[in-house]
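Structure data (mmCIF, C-alpha atoms) from model_21.cif:
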```cif
data_input
#
loop_
_atom_site.label_atom_id
_atom_site.label_comp_id
_atom_site.auth_asym_id
_atom_site.auth_seq_id
_atom_site.Cartn_x
_atom_site.Cartn_y
_atom_site.Cartn_z
CA MET N 1 8.06 -14.86 -6.04
CA GLN N 2 5.90 -17.99 -6.01
CA GLU N 3 7.17 -18.96 -2.54
CA MET N 4 6.42 -15.47 -1.21
CA LYS N 5 2.87 -15.56 -2.60
CA LYS N 6 2.32 -19.02 -1.12
CA SER N 7 3.48 -17.90 2.34
CA TYR N 8 0.83 -15.13 2.38
CA LYS N 9 -2.13 -17.27 1.27
CA ASN N 10 -2.66 -18.69 4.78
CA ARG N 11 -3.54 -15.39 6.51
CA GLN N 12 -6.10 -12.91 5.27
CA PHE N 13 -4.93 -9.82 7.17
CA ILE N 14 -1.82 -7.68 7.40
CA SER N 15 -0.93 -4.73 9.59
CA LEU N 16 2.09 -2.47 9.26
CA ASP N 17 3.54 0.95 9.94
CA PHE N 18 5.62 2.80 7.40
CA ILE N 19 7.85 5.81 6.93
CA GLN N 20 8.01 7.21 3.43
CA LEU N 21 10.95 9.35 2.36
CA ILE N 22 10.54 11.45 -0.78
CA HIS N 23 13.90 12.49 -2.23
CA SER N 24 13.34 15.44 -4.59
CA ASP N 25 16.23 16.55 -6.80
CA ILE N 26 14.15 19.46 -8.11
CA PHE N 27 13.62 21.00 -4.67
CA GLU N 28 16.73 19.43 -3.09
CA THR N 29 14.65 18.20 -0.17
CA VAL N 30 13.68 15.01 1.62
CA ASP N 31 10.09 14.92 2.84
CA THR N 32 8.95 12.38 5.41
CA LEU N 33 5.50 10.86 5.74
CA LYS N 34 4.43 8.31 8.35
CA GLY N 35 1.41 6.07 8.21
CA THR N 36 -0.26 2.75 8.92
CA VAL N 37 -1.92 0.10 6.79
CA LYS N 38 -4.48 -2.48 7.87
CA ALA N 39 -5.70 -4.74 5.07
CA GLY N 40 -7.69 -7.88 4.42
CA TRP N 41 -8.75 -10.05 1.53
CA GLU N 42 -11.56 -9.02 -0.83
CA GLY N 43 -10.21 -5.51 -1.36
CA ARG N 44 -10.57 -4.27 2.22
CA PHE N 45 -7.96 -1.84 3.51
CA ARG N 46 -7.33 1.27 5.61
CA LEU N 47 -4.34 3.48 4.85
CA GLU N 48 -3.91 6.30 7.37
CA MET N 49 -1.50 9.21 7.16
CA PRO N 50 -1.53 12.48 9.13
CA HIS N 51 -3.58 14.42 6.55
CA GLN N 52 -5.29 11.68 4.58
CA GLN N 53 -7.16 8.41 4.96
CA LEU N 54 -7.88 5.91 2.18
CA VAL N 55 -10.40 3.22 3.11
CA SER N 56 -12.11 0.42 1.18
CA ASN N 57 -14.62 -2.20 2.26
CA GLY N 58 -14.17 -4.02 -1.05
CA ILE N 59 -17.20 -2.29 -2.60
CA LEU N 60 -16.77 1.40 -1.82
CA PHE N 61 -13.59 3.49 -1.68
CA TRP N 62 -13.32 6.57 0.56
CA SER N 63 -10.59 9.18 0.10
CA TYR N 64 -10.62 11.63 3.02
CA SER N 65 -8.56 14.83 3.04
CA VAL N 66 -8.23 16.39 6.49
CA GLU N 67 -7.00 19.71 5.04
CA ASN N 68 -9.84 20.01 2.50
CA GLU N 69 -12.41 18.73 5.00
CA GLN N 70 -13.94 16.49 2.35
CA VAL N 71 -14.30 12.83 1.54
CA ILE N 72 -14.74 11.45 -1.96
CA VAL N 73 -16.76 8.24 -2.13
CA ASP N 74 -16.33 6.06 -5.21
CA SER N 75 -16.70 2.50 -6.35
CA VAL N 76 -13.64 0.27 -6.04
CA ALA N 77 -13.98 -0.41 -9.78
CA GLY N 78 -11.70 2.56 -10.45
CA LEU N 79 -8.93 0.98 -8.38
CA ALA N 80 -8.53 -1.83 -10.94
CA GLY N 81 -8.36 -4.41 -8.16
CA TRP N 82 -5.45 -2.73 -6.41
CA ASN N 83 -5.12 -2.69 -2.66
CA PRO N 84 -2.08 -2.92 -0.36
CA LEU N 85 -2.35 -6.71 -0.22
CA THR N 86 -1.80 -6.94 -3.97
CA LEU N 87 1.91 -6.43 -3.38
CA LEU N 88 2.07 -9.57 -1.25
CA TYR N 89 -0.80 -11.90 -2.18
CA ASP N 90 -0.93 -11.43 -5.94
CA PRO N 91 1.64 -8.91 -7.12
CA GLU N 92 1.64 -10.53 -10.54
CA GLY N 93 -2.04 -9.65 -10.94
CA VAL N 94 -0.98 -6.01 -11.38
CA TYR N 95 2.81 -6.21 -11.85
CA THR N 96 5.31 -8.48 -13.57
CA CYS N 97 8.41 -9.59 -11.70
CA LEU N 98 11.30 -8.75 -14.04
CA LYS N 99 14.09 -9.92 -11.78
CA GLN N 100 14.62 -11.43 -8.36
CA THR N 101 17.96 -10.74 -6.66
CA ASP N 102 19.37 -12.52 -3.62
CA ALA N 103 20.71 -9.79 -1.33
CA GLY N 104 22.02 -11.94 1.53
CA LYS N 105 19.33 -11.93 4.21
CA SER N 106 16.78 -10.37 1.87
CA ILE N 107 15.39 -10.71 -1.64
CA ASP N 108 14.83 -7.79 -4.01
CA TYR N 109 11.92 -8.17 -6.44
CA GLU N 110 12.08 -5.80 -9.41
CA MET N 111 8.45 -5.24 -10.47
CA THR N 112 6.91 -3.42 -13.45
CA ALA N 113 3.24 -2.60 -14.03
CA ILE N 114 1.26 -4.63 -16.56
CA ASP N 115 -1.01 -1.65 -17.34
CA SER N 116 0.66 1.64 -18.31
CA ASN N 117 -1.93 3.55 -16.22
CA THR N 118 -0.81 1.87 -12.99
CA ALA N 119 1.24 3.95 -10.57
CA PRO N 120 3.95 3.43 -9.70
CA ALA N 121 5.00 2.05 -13.09
CA SER N 122 7.79 0.04 -11.46
CA PHE N 123 9.25 -0.56 -8.01
CA ILE N 124 11.64 -2.73 -6.04
CA LEU N 125 10.18 -4.69 -3.13
CA THR N 126 12.72 -5.88 -0.56
CA ALA N 127 11.58 -8.74 1.69
CA LYS N 128 13.38 -10.83 4.31
CA LYS N 129 14.53 -14.08 2.79
CA ASP N 130 13.52 -16.34 5.71
CA ASN N 131 9.88 -15.23 6.14
CA TYR N 132 9.11 -12.89 3.21
CA VAL N 133 8.29 -9.99 5.54
CA PRO N 134 8.46 -6.80 3.45
CA VAL N 135 10.99 -4.26 4.70
CA LYS N 136 11.30 -1.67 1.92
CA LEU N 137 9.68 -0.44 -1.27
CA THR N 138 11.56 1.86 -3.66
CA TYR N 139 10.22 3.62 -6.75
CA THR N 140 10.38 6.85 -8.74
CA ASP N 141 7.29 9.08 -9.00
CA ASP N 142 6.08 11.18 -11.95
CA ASN N 143 8.35 14.06 -10.85
CA GLU N 144 11.42 11.80 -10.92
CA SER N 145 11.62 11.89 -7.12
CA ARG N 146 12.89 8.69 -5.49
CA ILE N 147 10.46 7.29 -2.93
CA ASP N 148 11.70 4.93 -0.20
CA VAL N 149 9.03 3.30 1.95
CA PHE N 150 10.43 1.61 5.07
CA ILE N 151 8.08 -0.94 6.65
CA SER N 152 8.03 -1.67 10.38
CA ASP N 153 5.82 -3.45 12.89
CA PHE N 154 4.64 -5.82 10.17
CA SER N 155 2.26 -8.54 11.33
CA ARG N 156 -0.29 -10.96 9.95
CA PRO N 157 -3.04 -10.94 12.59
CA ASP N 158 -5.68 -13.68 12.68
CA SER N 159 -8.43 -11.06 12.50
CA LEU N 160 -9.13 -7.34 12.28
CA SER N 161 -12.35 -5.53 13.13
CA GLU N 162 -14.63 -5.08 10.11
CA SER N 163 -15.20 -1.49 11.29
CA LEU N 164 -11.62 -0.70 10.16
CA PHE N 165 -12.81 -1.13 6.58
CA GLU N 166 -15.68 1.36 6.79
CA PHE N 167 -15.33 5.12 6.82
CA ILE N 168 -17.64 7.40 8.80
CA PRO N 169 -17.06 11.05 7.88
CA PRO N 170 -16.39 13.40 10.78
CA LYS N 171 -19.11 15.93 11.49
CA GLY N 172 -19.02 18.92 9.14
CA VAL N 173 -17.01 17.16 6.41
CA GLU N 174 -18.24 17.56 2.82
CA VAL N 175 -19.13 14.20 1.27
CA ILE N 176 -18.75 13.97 -2.52
CA GLU N 177 -20.25 10.83 -4.05
CA MET N 178 -18.91 9.98 -7.48
CA PRO N 179 -21.39 8.76 -10.08
#
```

File written out as structure tokens:
Amino acid sequence: MQEMKKSYKNRQFISLDFIQLIHSDIFETVDTLKGTVKAGWEGRFRLEMPHQQLVSNGILFWSYSVENEQVIVDSVAGLAGWNPLTLLYDPEGVYTCLKQTDAGKSIDYEMTAIDSNTAPASFILTAKKDNYVPVKLTYTDDNESRIDVFISDFSRPDSLSESLFEFIPPKGVEVIEMP
């Protein structure tokens, strides 16, 4: 875990695509969700999925629902310091590593949340052993559905445009500012 954290300290940005599979025993279905993540230090990130965008500039957090045609604007204080980079740069700031398992060409990190209000409460992060590139995240949600997140096109660019970390609501979208 310490070696993985050290390898990420030299670059302040990540970019990745993902496919999330939700395996529901209740409904006997597998739902698929695709998305992208662009993130930088100081709490900046953009998570885009077909019907939702989550964006933070490190001060404000925007949650935009395409279907509801509304964006909720809040302070990042409610995120408790979480952003997608937490899982790579400082996972132990939010999670504790219970076990690390050598899986041949990869390493599985079994993580559990420090705070009981953090979701997911626990997960397994699989990363390549040679360069610590994340390839998969597995956890169980509140409905006992297994979630597998497969990571592709992972990179650590030298820079990303600051405009990625700002959200401008589309015309006609209701803006709800939280107190």

(request) Would you please work out which residue, of N:Ser65, N:Thr112, N:Ser106, N:Gln20, is nearest to Ile176 in chain N when using all atoms listed in the file? (result)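 Closest candidate: N:Ser65.
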
(request) For Phe18 in chain N, list every protein, DNA or RNA residue within 9 Å, evaluated using all atoms listed in the file, and leave out those in the same chain fewer than 5 positions away; present the list as number ranges by chain. (result) N: 33-37, 149-153

(request) Go through N:Pro157, N:Tyr132, N:Glu174, N:Asp148 one by one, measure the shortest atom-to-atom distance of each to Thr32 in chain N using all atoms listed in the file, and give the residue with the smallest value. (result)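 Among the listed residues, N:Asp148 lies closest to Thr32 in chain N.
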
(request) Would you kindly translate the PyMOL selection byres ((chain N and resi 46) around 7) into the concrete residues it picks from this file, as a list in words? (result)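 What the PyMOL selection byres ((chain N and resi 46) around 7) grabs from the file is Val37, Lys38, Ala39, Phe45, Leu47, Glu48, Leu54, Val55, Ser56, Leu164 and Phe165 of chain N.
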
(message) Restricting the calculation to all atoms listed in the file: of N:Ile59, N:Ile72, N:Val30, N:Leu21, which residue gets closest to Glu177 in chain N?
(response) N:Ile72

(message) When you look at Val73 in chain N with a cut-off of 7 Å (counting only C-alpha atoms), what residues show up, excluding the ones that are within fewer than 2 positions of it in the same chain? I need them as a list in words.
(response) Leu60, Phe61, Trp62, Ser63, Val71, Ile176, Glu177 and Met178 of chain N

(request) Could you list the residues chosen by the PyMOL selection byres ((chain N and resi 118) around 10) in this structure as an NGL selection string? (result) :N and (79-80 or 82 or 94-95 or 112-117 or 119-122)

(message) Just the number, please: distance in Å from CA of Glu67 in chain N to CA of Pro50 in chain N, one decimal.
(response)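 CA of Pro50 in chain N lies at a distance of 9.9 Å from CA of Glu67 in chain N.
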
(request) Might you pull out every residue within 8 Å of Ser145 in chain N, with all atoms listed in the file counted and same-chain residues fewer than 2 positions away left off, and present them as a ChimeraX atom specification? (result) /N:22-25,140-143,147

(message) Please enumerate the residues selected by the PyMOL selection byres ((chain N and resi 43) around 7) when evaluated against the supplied file, formatted as a PyMOL selection string.
(response) chain N and resi 40-42+44-45+56-58+83

(message) My list of candidates is N:Tyr139, N:Tyr109, N:Phe123, N:Phe13. Which is closest to Arg156 in chain N when distances are computed with all atoms listed in the file?
(response)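 Closest residue, counting all atoms listed in the file: N:Phe13.
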
(request) One decimal, Å: what's the distance from CA of Leu125 in chain N over to CA of Gln100 in chain N, could you say? (result)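 For CA of Leu125 in chain N relative to CA of Gln100 in chain N, the distance reads 9.6 Å.
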
(message) So, with only C-alpha atoms as the atoms that count, which of N:Asp108, N:Glu3, N:Glu69, N:Glu92 lies closest to Lys136 in chain N?
(response) N:Asp108

(request) Would you mind reading off the distance between CA of Leu98 in chain N and CA of Ala127 in chain N, one decimal, in Å? (result)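 Interatomic distance here is 15.7 Å.
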
(request) Name the closest residue to Lys6 in chain N among the candidates N:Asn131, N:Glu166, N:Thr96, N:Glu110; distances are taken between atoms, counting all atoms listed in the file. (result)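 Counting all atoms listed in the file, the residue closest to Lys6 in chain N is N:Asn131.
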
Kindly provide, as JSON, the centre and edge lengths (Å, one decimal) of an axis-aligned box around all atoms of range 147-166 of chain N given in the file, with 4 Å on each side.
```
{"center_x": -2.0, "center_y": -3.2, "center_z": 5.1, "size_x": 35.4, "size_y": 29.0, "size_z": 24.1}
```

(message) For Asp130 in chain N, find every residue with an atom within 10 Å (counting all atoms listed in the file), except residues of its own chain fewer than 5 positions away, and show them as a count of residues only.
(response) 4
